[in-house]
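Novice: What follows is run-v2.cif, made up of mmCIF, C-alpha atoms and all ligand atoms:
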data_coords
#
loop_
_atom_site.label_atom_id
_atom_site.label_comp_id
_atom_site.auth_asym_id
_atom_site.auth_seq_id
_atom_site.Cartn_x
_atom_site.Cartn_y
_atom_site.Cartn_z
CA PRO A 1 0.00 0.00 0.00
CA ILE A 2 1.06 3.58 -0.63
CA PHE A 3 0.54 6.05 2.24
CA LYS A 4 0.36 9.83 2.11
CA VAL A 5 2.21 12.03 4.57
CA GLY A 6 -0.06 12.74 7.50
CA GLU A 7 -2.24 9.68 6.95
CA VAL A 8 -2.99 7.68 10.08
CA VAL A 9 -1.91 4.08 9.80
CA LYS A 10 -2.77 1.30 12.23
CA GLY A 11 -0.23 -1.49 12.59
CA LYS A 12 -0.70 -4.80 14.31
CA VAL A 13 1.97 -7.19 15.47
CA ASN A 14 1.28 -10.87 14.90
CA LEU A 15 2.17 -12.06 18.39
CA GLU A 16 2.14 -15.72 17.46
CA GLN A 17 4.69 -15.19 14.67
CA ARG A 18 6.74 -12.85 16.80
CA LYS A 19 7.00 -15.51 19.50
CA HIS A 20 8.48 -18.03 17.05
CA LEU A 21 10.80 -15.44 15.52
CA SER A 22 12.17 -14.28 18.88
CA ARG A 23 12.78 -17.89 19.92
CA HIS A 24 14.66 -18.54 16.69
CA HIS A 25 16.57 -15.32 17.12
CA THR A 26 17.69 -16.03 20.67
CA ALA A 27 18.44 -19.64 19.70
CA THR A 28 20.83 -18.29 17.03
CA HIS A 29 22.87 -16.50 19.72
CA ILE A 30 22.83 -19.59 21.95
CA LEU A 31 23.90 -21.90 19.10
CA LEU A 32 26.69 -19.59 18.02
CA GLY A 33 28.08 -19.66 21.58
CA ALA A 34 27.80 -23.45 21.62
CA ALA A 35 29.48 -23.85 18.21
CA ARG A 36 32.37 -21.67 19.37
CA ARG A 37 32.86 -23.81 22.47
CA VAL A 38 32.67 -27.12 20.62
CA LEU A 39 34.58 -26.20 17.44
CA GLY A 40 36.92 -23.43 18.51
CA GLU A 41 37.41 -19.67 18.59
CA HIS A 42 37.64 -19.43 14.79
CA VAL A 43 33.88 -19.87 14.58
CA TRP A 44 32.24 -16.66 13.41
CA GLN A 45 28.71 -15.98 12.21
CA GLU A 46 28.79 -15.73 8.41
CA GLY A 47 25.06 -15.23 8.07
CA ALA A 48 21.74 -16.02 9.67
CA GLN A 49 18.10 -16.11 8.71
CA LYS A 50 15.12 -16.51 10.99
CA GLU A 51 11.77 -17.70 9.79
CA VAL A 52 8.66 -18.70 11.68
CA GLU A 53 9.08 -22.43 11.09
CA LYS A 54 12.83 -22.72 11.18
CA ALA A 55 16.04 -20.73 11.09
CA ARG A 56 19.58 -21.09 9.90
CA LEU A 57 22.98 -20.04 11.09
CA ASP A 58 26.03 -20.06 8.83
CA ILE A 59 29.34 -20.38 10.63
CA SER A 60 32.97 -20.28 9.53
CA HIS A 61 34.49 -23.71 9.95
CA TYR A 62 37.10 -25.48 7.84
CA LYS A 63 35.47 -28.88 7.57
CA ARG A 64 32.14 -30.68 7.63
CA LEU A 65 30.55 -31.05 11.03
CA THR A 66 30.49 -34.61 12.31
CA ARG A 67 27.43 -36.17 13.86
CA ASP A 68 29.21 -36.10 17.20
CA GLU A 69 30.00 -32.37 16.93
CA ILE A 70 26.41 -31.60 15.97
CA ARG A 71 25.15 -33.54 19.00
CA ARG A 72 27.59 -31.74 21.32
CA ILE A 73 26.55 -28.32 19.99
CA GLU A 74 22.90 -29.30 20.42
CA GLU A 75 23.50 -30.58 23.93
CA LEU A 76 25.40 -27.46 25.07
CA ALA A 77 22.77 -25.17 23.55
CA ASN A 78 19.96 -26.98 25.32
CA ARG A 79 21.85 -26.82 28.62
CA VAL A 80 21.95 -23.04 28.23
CA VAL A 81 18.20 -23.14 27.64
CA MET A 82 17.63 -25.24 30.75
CA SER A 83 19.85 -22.95 32.84
CA ASN A 84 17.29 -20.23 32.09
CA LEU A 85 19.85 -17.44 31.79
CA PRO A 86 18.62 -13.86 31.37
CA VAL A 87 18.88 -12.23 27.94
CA HIS A 88 19.89 -8.60 28.53
CA THR A 89 19.30 -5.99 25.84
CA PHE A 90 20.64 -2.46 26.34
CA PHE A 91 22.26 0.45 24.51
CA GLU A 92 25.91 1.30 24.99
CA ASP A 93 28.42 3.69 23.51
CA ARG A 94 30.28 2.04 20.66
CA ASN A 95 33.80 2.62 21.98
CA ALA A 96 32.97 1.48 25.48
CA ALA A 97 31.24 -1.62 24.17
CA GLU A 98 34.14 -2.50 21.86
CA GLN A 99 36.57 -2.18 24.73
CA ARG A 100 34.46 -4.27 27.03
CA TYR A 101 33.47 -7.04 24.62
CA GLY A 102 35.90 -6.83 21.69
CA PHE A 103 35.06 -7.13 18.01
CA ARG A 104 33.18 -10.37 18.55
CA LEU A 105 30.25 -7.99 19.01
CA TYR A 106 29.94 -7.68 15.24
CA GLN A 107 28.83 -11.21 14.46
CA GLY A 108 26.08 -9.97 12.20
CA GLY A 109 28.36 -7.39 10.55
CA VAL A 110 29.41 -3.93 11.74
CA VAL A 111 26.38 -1.77 12.54
CA PRO A 112 26.42 2.01 12.02
CA GLY A 113 25.85 4.67 14.69
CA LYS A 114 27.47 5.80 17.93
CA LEU A 115 25.18 3.78 20.11
CA LEU A 116 25.05 0.03 19.87
CA ARG A 117 22.18 -2.16 20.94
CA ILE A 118 23.79 -5.00 22.83
CA VAL A 119 22.20 -8.41 23.36
CA GLU A 120 23.99 -10.27 26.11
CA ILE A 121 23.48 -13.73 27.51
CA PRO A 122 25.82 -13.37 30.50
CA GLY A 123 28.74 -15.74 30.40
CA TRP A 124 27.67 -17.16 27.05
CA ASP A 125 27.35 -14.72 24.15
CA VAL A 126 27.29 -11.02 23.51
CA GLU A 127 26.52 -9.35 20.18
CA ALA A 128 25.49 -6.02 18.74
CA CYS A 129 22.01 -6.91 17.49
CA GLY A 130 18.76 -5.14 16.77
CA GLY A 131 16.59 -8.23 16.69
CA ILE A 132 13.66 -9.29 18.82
CA HIS A 133 14.58 -11.67 21.60
CA CYS A 134 13.21 -13.75 24.44
CA LYS A 135 13.68 -12.39 27.96
CA THR A 136 15.32 -15.56 29.21
CA THR A 137 16.95 -18.53 27.49
CA GLY A 138 14.34 -20.82 29.06
CA GLU A 139 11.62 -19.27 26.86
CA VAL A 140 13.42 -20.57 23.77
CA GLY A 141 12.47 -24.16 24.57
CA LEU A 142 14.05 -27.13 22.84
CA ILE A 143 16.68 -26.30 20.19
CA LYS A 144 16.96 -28.97 17.50
CA ILE A 145 19.49 -28.90 14.65
CA LEU A 146 17.56 -30.25 11.66
CA ARG A 147 20.43 -30.59 9.23
CA THR A 148 23.78 -29.13 8.26
CA GLU A 149 25.06 -28.26 4.82
CA ARG A 150 28.34 -27.04 3.33
CA ILE A 151 27.24 -23.89 1.52
CA GLN A 152 30.70 -22.78 0.44
CA ASP A 153 34.32 -23.48 1.18
CA GLY A 154 34.82 -22.82 4.89
CA VAL A 155 31.16 -22.17 5.70
CA GLU A 156 28.80 -24.65 7.38
CA ARG A 157 25.07 -24.00 7.50
CA LEU A 158 23.10 -25.19 10.52
CA GLU A 159 19.38 -25.40 9.95
CA PHE A 160 17.48 -25.56 13.21
CA ALA A 161 14.15 -25.10 14.94
CA ALA A 162 13.30 -23.98 18.47
CA GLY A 163 10.35 -24.34 20.82
CA GLU A 164 7.13 -25.66 19.29
CA MET A 165 8.72 -25.73 15.87
CA ALA A 166 11.39 -28.12 17.17
CA LEU A 167 8.62 -30.31 18.59
CA ARG A 168 6.87 -30.30 15.22
CA ASP A 169 10.02 -31.46 13.54
CA ILE A 170 10.37 -34.32 16.00
CA TRP A 171 6.75 -35.24 15.23
CA ARG A 172 7.54 -35.19 11.54
CA LEU A 173 10.47 -37.59 12.04
CA GLU A 174 8.40 -39.75 14.34
CA GLY A 175 5.66 -39.86 11.70
CA MET A 176 8.14 -41.05 9.09
CA VAL A 177 9.42 -43.82 11.34
CA GLU A 178 5.84 -44.89 12.17
CA GLU A 179 4.98 -44.95 8.47
CA VAL A 180 7.96 -47.19 7.73
CA ALA A 181 7.00 -49.48 10.62
CA ALA A 182 3.39 -49.67 9.38
CA LYS A 183 4.56 -50.60 5.88
CA LEU A 184 6.80 -53.28 7.34
CA GLU A 185 3.96 -54.37 9.65
CA VAL A 186 6.20 -54.39 12.73
CA PRO A 187 6.47 -52.21 15.86
CA VAL A 188 8.78 -49.17 15.46
CA SER A 189 11.48 -50.81 17.60
CA GLN A 190 11.63 -53.76 15.17
CA THR A 191 12.15 -51.74 11.96
CA PRO A 192 15.94 -52.12 11.60
CA LYS A 193 15.64 -55.90 12.01
CA ALA A 194 12.69 -56.08 9.63
CA ILE A 195 14.60 -54.18 6.95
CA GLU A 196 17.61 -56.43 7.42
CA ARG A 197 15.36 -59.47 7.01
CA LEU A 198 13.76 -58.02 3.89
CA SER A 199 17.04 -57.30 2.20
CA SER A 200 18.41 -60.76 2.91
CA GLU A 201 15.19 -62.25 1.50
CA LEU A 202 15.67 -60.09 -1.56
CA ARG A 203 19.23 -61.28 -2.02
CA GLU A 204 18.06 -64.88 -1.69
CA LEU A 205 15.28 -64.36 -4.25
CA ARG A 206 17.68 -62.74 -6.72
CA ARG A 207 19.95 -65.73 -6.38
CA LYS A 208 17.03 -68.06 -7.08
CA VAL A 209 15.93 -66.05 -10.11
CA GLU A 210 19.44 -66.27 -11.51
CA LYS A 211 19.45 -70.02 -10.99
CA LEU A 212 16.03 -70.47 -12.63
CA ARG A 213 17.08 -68.33 -15.53
CA SER A 214 20.11 -70.44 -16.25
CA GLN A 215 17.96 -73.59 -15.98
CA LEU A 216 15.50 -72.09 -18.45
CA SER A 217 18.32 -71.25 -20.83
CA LYS A 218 19.58 -74.83 -20.67
CA ALA A 219 16.09 -76.20 -21.33
CA GLU A 220 15.60 -73.77 -24.19
CA ILE A 221 18.92 -74.72 -25.77
CA ALA A 222 18.01 -78.42 -25.57
CA LYS A 223 14.64 -77.70 -27.17
CA LEU A 224 16.19 -75.62 -29.96
CA LYS A 225 18.69 -78.34 -30.77
CA SER A 226 15.87 -80.81 -31.34
CA LEU A 227 14.16 -78.38 -33.73
CA ALA A 228 17.07 -77.58 -36.05
CA VAL A 229 15.89 -76.68 -39.54
CA PRO A 230 18.29 -77.55 -42.39
CA ALA A 231 18.97 -74.60 -44.70
CA GLY A 232 21.37 -75.47 -47.50
CA LYS A 233 24.69 -76.34 -45.92
CA PHE A 234 23.70 -74.59 -42.71
CA SER A 235 21.15 -75.06 -39.93
CA LEU A 236 18.64 -72.63 -38.56
CA TYR A 237 17.51 -72.69 -34.94
CA HIS A 238 14.51 -70.51 -34.20
CA ASP A 239 11.91 -70.09 -31.51
CA LEU A 240 9.61 -67.63 -29.81
CA VAL A 241 10.60 -67.63 -26.13
CA GLU A 242 7.65 -66.11 -24.26
CA GLY A 243 8.52 -64.20 -21.11
CA ALA A 244 12.25 -64.01 -21.84
CA ASP A 245 13.99 -60.69 -22.04
CA VAL A 246 16.51 -59.70 -24.67
CA ASP A 247 19.47 -60.49 -22.42
CA ASP A 248 18.19 -64.06 -22.02
CA LEU A 249 17.86 -64.40 -25.80
CA ILE A 250 21.39 -63.12 -26.35
CA ALA A 251 22.78 -65.58 -23.79
CA ILE A 252 20.96 -68.54 -25.35
CA ALA A 253 21.76 -67.59 -28.95
CA SER A 254 25.46 -66.96 -28.33
CA GLN A 255 25.90 -70.29 -26.62
CA LEU A 256 24.16 -72.24 -29.34
CA ALA A 257 25.93 -70.43 -32.22
CA GLU A 258 29.21 -71.15 -30.48
CA GLU A 259 28.38 -74.83 -30.16
CA ASP A 260 27.24 -75.14 -33.78
CA PRO A 261 29.40 -72.91 -36.02
CA ARG A 262 27.34 -73.88 -39.10
CA SER A 263 24.15 -72.38 -37.68
CA VAL A 264 22.12 -69.25 -37.37
CA VAL A 265 20.12 -68.81 -34.15
CA LEU A 266 17.07 -66.59 -34.44
CA LEU A 267 15.10 -65.97 -31.24
CA PHE A 268 12.00 -63.90 -30.60
CA THR A 269 10.27 -62.63 -27.55
CA VAL A 270 7.17 -60.48 -27.36
CA LYS A 271 6.94 -57.16 -25.58
CA GLY A 272 3.45 -55.70 -25.57
CA GLU A 273 2.25 -56.83 -28.97
CA LYS A 274 5.58 -56.34 -30.71
CA PRO A 275 8.08 -59.08 -31.45
CA LEU A 276 11.69 -58.39 -30.48
CA PHE A 277 14.37 -60.48 -32.12
CA VAL A 278 17.98 -61.44 -31.60
CA VAL A 279 19.99 -63.17 -34.31
CA ILE A 280 23.49 -64.61 -34.06
CA ALA A 281 25.42 -66.46 -36.75
CA GLY A 282 27.99 -69.20 -36.15
CA ARG A 283 31.60 -68.83 -37.27
CA GLU A 284 31.24 -70.67 -40.58
CA VAL A 285 28.12 -68.71 -41.52
CA LEU A 286 30.05 -65.52 -40.85
CA ASN A 287 32.86 -66.77 -43.10
CA SER A 288 30.35 -67.23 -45.91
CA GLY A 289 29.57 -63.53 -45.77
CA ILE A 290 26.33 -63.53 -43.80
CA ASP A 291 26.60 -61.56 -40.59
CA GLY A 292 24.40 -60.06 -37.85
CA ALA A 293 23.80 -56.80 -39.65
CA LYS A 294 22.75 -58.48 -42.89
CA LEU A 295 20.45 -60.93 -41.07
CA ALA A 296 18.86 -58.16 -39.00
CA LYS A 297 17.97 -56.27 -42.15
CA VAL A 298 16.30 -59.27 -43.79
CA ILE A 299 14.36 -60.08 -40.61
CA ALA A 300 13.29 -56.50 -39.95
CA ASP A 301 12.03 -56.18 -43.54
CA SER A 302 9.88 -59.32 -43.17
CA LEU A 303 8.55 -58.08 -39.82
CA GLU A 304 7.86 -54.62 -41.25
CA GLY A 305 9.95 -53.29 -38.38
CA ARG A 306 13.37 -51.91 -37.60
CA GLY A 307 16.61 -53.73 -37.04
CA GLY A 308 20.35 -53.41 -37.16
CA GLY A 309 23.49 -54.92 -35.86
CA LYS A 310 27.14 -55.71 -36.12
CA ARG A 311 28.99 -58.75 -37.33
CA ASP A 312 28.46 -60.56 -34.03
CA ILE A 313 24.80 -59.89 -33.44
CA GLY A 314 21.66 -58.48 -35.02
CA GLN A 315 18.67 -57.11 -33.12
CA GLY A 316 15.39 -55.43 -33.88
CA VAL A 317 11.69 -55.05 -33.37
CA GLY A 318 8.76 -55.93 -35.61
CA LYS A 319 5.24 -54.71 -36.13
CA SER A 320 3.33 -57.88 -35.25
CA ARG A 321 4.09 -61.41 -34.19
CA GLU A 322 2.04 -62.65 -37.16
CA PHE A 323 5.01 -61.93 -39.41
CA ILE A 324 7.39 -64.19 -37.46
CA PRO A 325 7.01 -67.22 -39.83
CA GLU A 326 7.80 -64.96 -42.80
CA ALA A 327 10.94 -63.71 -41.08
CA VAL A 328 12.06 -67.27 -40.36
CA ASN A 329 11.46 -68.18 -43.99
CA ALA A 330 13.44 -65.21 -45.24
CA VAL A 331 16.45 -66.24 -43.16
CA LYS A 332 16.11 -69.84 -44.37
CA LYS A 333 16.11 -68.70 -48.00
CA LEU A 334 19.12 -66.46 -47.42
CA LEU A 335 21.06 -69.41 -46.00
CA GLU A 336 19.97 -71.73 -48.81
CA SER A 337 21.12 -69.19 -51.41
CA GLN A 338 24.68 -69.65 -50.16
CA ALA A 339 24.93 -73.17 -51.48
ZN ZN B 401 19.98 -11.17 17.91
#
Written as structure tokens, that's how I'd like the structure from this file.
Ligand SMILES: [Zn+2]
Specialist:
Amino acid sequence: PIFKVGEVVKGKVNLEQRKHLSRHHTATHILLGAARRVLGEHVWQEGAQKEVEKARLDISHYKRLTRDEIRRIEELANRVVMSNLPVHTFFEDRNAAEQRYGFRLYQGGVVPGKLLRIVEIPGWDVEACGGIHCKTTGEVGLIKILRTERIQDGVERLEFAAGEMALRDIWRLEGMVEEVAAKLEVPVSQTPKAIERLSSELRELRRKVEKLRSQLSKAEIAKLKSLAVPAGKFSLYHDLVEGADVDDLIAIASQLAEEDPRSVVLLFTVKGEKPLFVVIAGREVLNSGIDGAKLAKVIADSLEGRGGGKRDIGQGVGKSREFIPEAVNAVKKLLESQA
């Protein structure tokens, strides 16, 4: 809104918001004091931001905070809260204040003016600060560090919440743990064990799948061998292997083509409605000038689809499985033409 000079304006402070902000503000001073005691005198406030729901404090520190350091900072800060120290705010002449407290006063940057507003938690922290604060540290309530982040070289960011907002964050975490437990259908205390059990079951199942797959491949190879189709001086093995994926087809085809160098192995599987194919030629077929790329082209043309490949292997996809017999026939004719 735009006001004219002389206009009367009514302002209203949102007390609820102010309460959260002053808690977060005072918690910033408490945390800074705690960080300095845990990490060392090099810790300086590089920045801070207070919101209603949470706040953050950026401090100078040369490495990532460990979990243990975070816990110690949290513990010290909450002890200051529980000691219920007074938070003094007063104005003092700049020179006198600098002499008494040193330049540590200017954690939030140097402020202008002859008079400084000082916020002092006796024996813990003193800063030149214009912010709104609690009257005692006890009013801040629980201080919880939510997470830390490296925002730039030499600067760690501590995101935290105080008072009711800290409680809400604990509820949020608790809710997540309860949700996990409900999904696992165990009490919260059993979740780590339940997850361990699940992952070992998963490993076991994967092992079984691998075993079944190799058994299927063996069975498929035996079946293909019994269905060899003569094609000139070569043989053609072909089949539609429902439910197999392309990797399975490649494994089966390479093994069979290796075992029978005078053969071409052409395998299909179906994905959706579309036939996928893999084709591999044995060594002697390759020597006659027919390779994976050439075969893939012939097959893809018969399937009205796309295909391509290298010497070793041809692959592609067709329009409809109805064309599969035509594709098989085309390969057979190509092999026969080599006679
Ligand atoms: Zn302050």
Novice: Return the single residue from A:Arg117, A:Arg147, A:His133, A:Arg104 that is closest to ligand ZN 401 (chain B), with distances computed using all atoms listed in the file.
Specialist: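 Looking only at the distances to ligand ZN 401 (chain B), the closest residue turns out to be A:His133.
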Novice: Which residues are near Ala128 of chain A? Cut-off 6 Å, all atoms listed in the file, ignore same chain within fewer than 3 positions. Put them as a compact mmCIF listing (two decimals) with C-alpha atoms, in the frame of the given file.
Specialist:
# COMPACT_ATOMS: atom_id res chain seq x y z
CA LEU A 105 30.25 -7.99 19.01
CA TYR A 106 29.94 -7.68 15.24
CA ARG A 117 22.18 -2.16 20.94
CA ILE A 118 23.79 -5.00 22.83
Novice: Give me, please, the distance in Å between atom CA of Ile252 of chain A and atom CA of Leu202 of chain A, quoted to one decimal.
Specialist: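 Atom CA of Leu202 of chain A lies 25.8 Å from atom CA of Ile252 of chain A.
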Novice: Just give me the gap between atom CA of Arg64 of chain A and atom CA of Pro122 of chain A in Å, one decimal is fine.
Specialist: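 According to the coordinates, atom CA of Arg64 of chain A and atom CA of Pro122 of chain A are separated by 29.4 Å.
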Novice: Point out the residue among A:Lys225, A:Lys4, A:His88, A:Arg262 with the least atom-to-atom distance to ligand ZN 401 (chain B), counting all atoms listed in the file.
Specialist: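 Using all atoms listed in the file, the shortest distance to ligand ZN 401 (chain B) belongs to A:His88.
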Novice: Using Å and a single decimal, report how far atom CA of Leu173 of chain A sits from atom CA of Glu69 of chain A.
Specialist: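 Between atom CA of Glu69 of chain A and atom CA of Leu173 of chain A the gap is 20.8 Å.
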Novice: With a distance cut-off of 7 Å and all atoms listed in the file, select the neighbouring residues of segment 158-172 of chain A, excluding the residue or stretch itself and same-chain residues fewer than 2 positions from it, and output the selection as a list of chain:residue names.
Specialist: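 Returned residues: A:Arg23, A:His24, A:Ala27, A:Glu53, A:Lys54, A:Ala55, A:Arg56, A:Leu57, A:Asp58, A:Val140, A:Gly141, A:Leu142, A:Ile143, A:Lys144, A:Ile145, A:Leu146, A:Arg147, A:Thr148, A:Glu149, A:Glu156, A:Glu174, A:Gly175, A:Met176.
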